[in-house]
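The structure appears right after this line, and notes come after that.
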Protein chains: 2
Amino acid sequence: MQNHTEEHRTITPRNEDFSRWYLDVIARADLMDYAPVKGCIVFKPDGYAIWEYIQQTLDALLKKTGHRNAYFPLFIPERFFHKEKAHVEGFDPELPWVTEAGGERLEERLAVRPTSETMIGHMFARWITSHRDLPLLINQWANVVRWEKRTLPFLRTSEFLWQEGHTAHENEHDAREETERMLALYASFVEEHLAIPTIAGQKTESEKFAGAVDTYSIEAMMQDGRAVQAGTSHYMGTNFAKAFEIMYSDRNNTMQYVHTTSWGVSTRLIGAMIMVHSDDRGLVLPPLLAPTQAVIVPIGPASQRAIVHDEAMRAYEACTNALIRVRIDDRTDVSPGWKFCHYELRGVPIRIEIGPRDVQAQQAVLVSRITGEKRIVSRDGLAEHVTQMLASELRQLRARAAQRMHDNTKTIETLDAWAKEEKPRGFAVAGWCGSRACESTVKTRTGATSRNIPHRHMDAPKTCLVCGAPSVHTVIFARAY
Amino acid sequence: MQNHTEEHRTITPRNEDFSRWYLDVIARADLMDYAPVKGCIVFKPDGYAIWEYIQQTLDALLKKTGHRNAYFPLFIPERFFHKEKAHVEGFDPELPWVTEAGGERLEERLAVRPTSETMIGHMFARWITSHRDLPLLINQWANVVRWEKRTLPFLRTSEFLWQEGHTAHENEHDAREETERMLALYASFVEEHLAIPTIAGQKTESEKFAGAVDTYSIEAMMQDGRAVQAGTSHYMGTNFAKAFEIMYSDRNNTMQYVHTTSWGVSTRLIGAMIMVHSDDRGLVLPPLLAPTQAVIVPIGPASQRAIVHDEAMRAYEACTNALIRVRIDDRTDVSPGWKFCHYELRGVPIRIEIGPRDVQAQQAVLVSRITGEKRIVSRDGLAEHVTQMLASELRQLRARAAQRMHDNTKTIETLDAWAKEEKPRGFAVAGWCGSRACESTVKTRTGATSRNIPHRHMDAPKTCLVCGAPSVHTVIFARAY
């Protein structure tokens, strides 16, 4: 789908222009294309395959924790939004409206869902009558639309793909437990499979979800020091239960409102993964999510092609039997060097080179996409060596990302000190008095927003970074995507 | 999610009122609920799980035949529809339009996709430049919307879920081969996994897809003799290639239009599966797609509960190890009889009863949902017996459906003879002169439409059933959902 000369155009180095680097990487890796609709992208096969692996892995975790998938309508009647005041205020500016259908003007406008609390709230009210129906643990994989002014492929698109979990519980305790359980599940999923360490914590009032009592997030750090909110989990209290009359008769036959939660991760994870791990040579994929984990490139003159090909096939079968997602590129119209570059750009974690001398010596050469390390391994232990190298790459990606986050997280005493830096970057750990005004001052002066109030203890000054009053919360501030 | 008294309400018998029977079955089996948006349904977990199994199975088949998944935008600019004349005429009456978004009136209306030929055609034109880019074999799993006047859960809903394959080829031969290959793949998938035999054939001019050169379908017969189009495959010729300028330079460096195909199956397969297999006791699920394939129901007095439970756990593990999707229902607040009915309604293919005497005799009782057959089997061979019974149930479902289709397919000489029947039902095999007028007369007089011109030979009169002129095609006529 790309021609060969285009293929080798250079990628803008990260330290020269991070935004251009990002766009170059996803273009060269053939992950997406711009769609002829404002702010929308097309997920090309190599990009969509990453999402499929994220889906499969996460879906299994959600099912293991007792959640069941369902599917709710794309369209939400306008009146539903007006039932929860904060919710409509938050989402109204971003909604696309269907006003005509089937050749007629609709009596009531239909919003294209930006999220499904209202629709699911309406259905939960029909399904829940007794405490025996609780907890109700539902998940949906779906497309959603938010009409965004500024978009960026994967990280912020008008239409995106996600999962949204929606649960209903008997009381606050159970619902809060679920909210935290799902946040923790996201954090471990993102760290384990995407090799992205995050900071889990609570959003401030001004940053929370429209309609939530409390919002929690996991925040990841990109290579330029900016944050990406990688997942959110919300405790809704009885806000949506009251708006949609979701009630149950408790063990004493008294009618009670349920307490609900919702939580989601989206295709923006793909963008975060790229910004955290990729380099100036192109895409880097965490091995567990790489659609192709190893590529075999046969090498050598045409006269040796047959014996090399046999050996490559043997390696292919050994890897496949070991459940490694492997492919052979035995095209003869492009050179091995071209292929090396091709798969580097696409982030295939391991290249397996096999030439005539390797056949003779019963060996193969493994090259790590991440470290560039070359390892000569015996034919017999090939699959095992590949598996080991994949595991080692994953560990290195995680360690590198964790180190970067550590190095670029610093305690700051005052906004003045931080704002004086040429380009305030990374995560700033600060004391905060809790006032919206101070939070807003930080944003105005640095472009940074409060990311969250971290769950884990972090050393921070005892005074607000803006006003100097006693600190109420330790907050992470950062510029964010 | 349902209370216990509601559970046991009777189902209207099929021969009394087939439509009510269908709605009763899906309600009792808890597969769906009506949504507060015209013509839309909610896929509840038990209903959605069936779709997930269809997706997984079919997705693997599509990947094995070289297709790759991608994702294209939900919204399609209005001007795209006007590029292919037949396409816009066919779909315009069913389109929902987004006219406002982000608080502003849009300059150009956006249709919510009813199918994606136009959007994908636009993208293909960007991606294809050379014969080396062909064939391009893309599939998309997505939601689509068609504003339908008359809707029926699963079978015809305003929003539905489907996969749509879109491919581009160098020439007519390759594209037609793909069109037929995918039709055959659908036919074998539907027969093997859904246990539904179908008749594959070509649609007449008046029934073909808007914008296609030729449309092919597989047609299934419901228990009331009506047809359901279970899958379609279209050869588009160069219609969309010309509309969207999808061109490639061939081996002689001459620019050529590609030839495209598209093909799809949707959540209506769920409806067809129910209408073909279920009975007056509720849902019947083909074992390969049943989310729960066997349910273990422990039986006996409280005093024996512990030893029965141990044995049930042993059976559970044996089945799980044999990759049978099994669950135990060890609730004590409902009776075994209640549970029997509960799982019958939900179509679980096998019930495994274990009571104190079974523990003593080291045995279990298997009960087939489909035939009612009871089989006492030894504890040691349990999983193997369950697997065998599942396979035997699948064969019986297929055979039963095939027999029914055979019994209700008859050759008719003249429309007069057929129309005289009180309720023309089943498939009528007839000669047809090829004129639209005669086809239309059949519809007016009987409500039946031409389903397709079958690929396989079927004996039919040599004259048109309406006008008596020489027959050009053998056609299947039937009333359809």
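To be explicit about the labels: the chains of the structure tokens are called A, B, and onward in the order shown, and within each one the residues are counted from 1, while ligands get numbers from 1 in the order they are shown.
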
Taking only C-alpha atoms into account, report as a count of residues only which residues of chain A lie within 8 Å of chain B. 44

Neighbour list for Ser19 of chain A as a PyMOL selection string, cut-off 12 Å, only C-alpha atoms, skip fewer than 6 positions in-chain: chain A and resi 11-13+25-26+152-153+155+222-224+226+271+274-275+481

As JSON, numbers by chain, please: every residue in segment 375-426 of chain B that DSSP puts in strand (DSSP E). {"B": [375, 376, 377, 378, 409, 410, 411]}

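The neighbours of Gly282 of chain B here are the residues that come within 7 Å of it, using only C-alpha atoms and leaving out any residue fewer than 5 positions away in the same chain; they are Val25, Glu344, Leu345, Arg346 and Gly347 of chain B.
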
Generate a file of the selected residues that holds C-alpha atoms, formatted as a PDB file, in the first residue's frame.
ATOM      1  CA  VAL B  25     -38.681 -16.897  22.756  1.00  0.00           C
ATOM      2  CA  GLU B 344     -34.385 -24.922  28.484  1.00  0.00           C
ATOM      3  CA  LEU B 345     -35.771 -21.441  27.823  1.00  0.00           C
ATOM      4  CA  ARG B 346     -32.213 -20.229  27.268  1.00  0.00           C
ATOM      5  CA  GLY B 347     -31.256 -23.003  24.890  1.00  0.00           C
TER       6      GLY B 347
END

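Backbone DSSP over segment 70-119 of chain B yields alpha helix (DSSP H) at Glu78, Arg79, Phe80, Phe81, Lys85, Ala86, His87, Val88, Glu89, Gly90, Phe91, Glu117, Thr118 and Met119 of chain B.
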
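The protein and nucleic acid residues lying at most 7 Å from segment 320-336 of chain B are B:Pro291, B:Thr292, B:Gln293, B:Ala294, B:Val295, B:Ile296, B:Val297, B:Pro298, B:Ile299, B:Tyr316, B:Glu317, B:Lys339, B:Phe340, B:Ala383, with only C-alpha atoms considered and sequence neighbours fewer than 3 positions away removed.
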
Within 10 Å of Pro286 of chain A using only C-alpha atoms, minus same-chain residues under 6 positions, as an mmCIF file with C-alpha atoms, in the first residue's frame:
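Dumped to out.cif:
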data_model
loop_
_atom_site.group_PDB
_atom_site.id
_atom_site.type_symbol
_atom_site.label_atom_id
_atom_site.label_comp_id
_atom_site.auth_asym_id
_atom_site.auth_seq_id
_atom_site.Cartn_x
_atom_site.Cartn_y
_atom_site.Cartn_z
ATOM 1 C CA GLU A 192 2.038 -5.332 31.860
ATOM 2 C CA HIS A 193 0.928 -5.390 28.238
ATOM 3 C CA LEU A 194 1.682 -1.898 26.938
ATOM 4 C CA ALA A 195 4.813 -1.552 29.104
ATOM 5 C CA ILE A 196 3.604 1.845 30.275
ATOM 6 C CA MET A 273 2.078 3.448 23.337
ATOM 7 C CA ILE A 274 3.703 5.024 20.296
ATOM 8 C CA HIS A 277 8.220 3.645 23.199
ATOM 9 C CA SER A 278 8.986 4.563 19.605
ATOM 10 C CA GLN A 293 6.452 -10.450 16.925
ATOM 11 C CA GLY A 347 8.155 -1.929 15.068
ATOM 12 C CA VAL A 348 8.454 -5.689 14.640
ATOM 13 C CA PRO A 349 10.276 -6.605 17.889
ATOM 14 C CA ILE A 370 14.650 -2.102 20.770
ATOM 15 C CA LEU A 390 10.702 -10.899 23.512
ATOM 16 C CA ALA A 391 10.372 -11.127 27.297
ATOM 17 C CA GLU A 393 12.527 -6.528 25.385
ATOM 18 C CA LEU A 394 9.283 -6.099 27.270
ATOM 19 C CA ARG A 395 11.162 -5.752 30.557
ATOM 20 C CA GLN A 396 13.504 -3.215 29.018
ATOM 21 C CA LEU A 397 10.672 -1.147 27.588
ATOM 22 C CA ARG A 398 8.975 -1.070 30.965
#

From the options A:Thr157, A:Ser206, A:Thr463, A:Thr57, which residue's atoms come nearest to Thr449 of chain A, counting only C-alpha atoms? A:Ser206

If you count only C-alpha atoms, which residues fall within 6 Å of Thr409 of chain B, apart from same-chain ones fewer than 2 positions away, as an MDAnalysis selection string? chainID B and resid 406:407 426:428

Output C-alpha atoms of each residue in that selection to a file, as an mmCIF file, in the first residue's frame.
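For reference, part09.cif as written:
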data_model
loop_
_atom_site.group_PDB
_atom_site.id
_atom_site.type_symbol
_atom_site.label_atom_id
_atom_site.label_comp_id
_atom_site.auth_asym_id
_atom_site.auth_seq_id
_atom_site.Cartn_x
_atom_site.Cartn_y
_atom_site.Cartn_z
ATOM 1 C CA HIS B 406 -36.552 -30.082 1.433
ATOM 2 C CA ASP B 407 -40.140 -30.785 2.492
ATOM 3 C CA GLY B 426 -42.135 -22.462 1.683
ATOM 4 C CA PHE B 427 -39.881 -22.074 -1.328
ATOM 5 C CA ALA B 428 -41.466 -22.222 -4.750
#

Separation of atom CA of Asn452 of chain A from atom CA of Val472 of chain A, in Å and rounded to one decimal: 13.3 Å

For Leu382 of chain B, work out the shell of residues within 9 Å, counting only C-alpha atoms and skipping chain neighbours fewer than 6 positions away, then give it as a compact mmCIF listing (two decimals) with N, CA and C atoms, in the first residue's frame.
# COMPACT_ATOMS: atom_id res chain seq x y z
N ALA B 315 -17.14 -32.86 37.81
CA ALA B 315 -17.70 -32.87 36.45
C ALA B 315 -17.38 -31.56 35.73
N ALA B 318 -13.76 -31.65 34.64
CA ALA B 318 -13.57 -32.58 33.52
C ALA B 318 -14.06 -31.93 32.22
N CYS B 319 -15.21 -31.28 32.26
CA CYS B 319 -15.75 -30.63 31.06
C CYS B 319 -14.88 -29.45 30.63
N GLN B 363 -21.94 -41.88 38.38
CA GLN B 363 -22.53 -41.60 37.07
C GLN B 363 -23.14 -40.20 37.06
N ALA B 364 -23.65 -39.80 35.91
CA ALA B 364 -24.39 -38.55 35.78
C ALA B 364 -25.46 -38.75 34.71
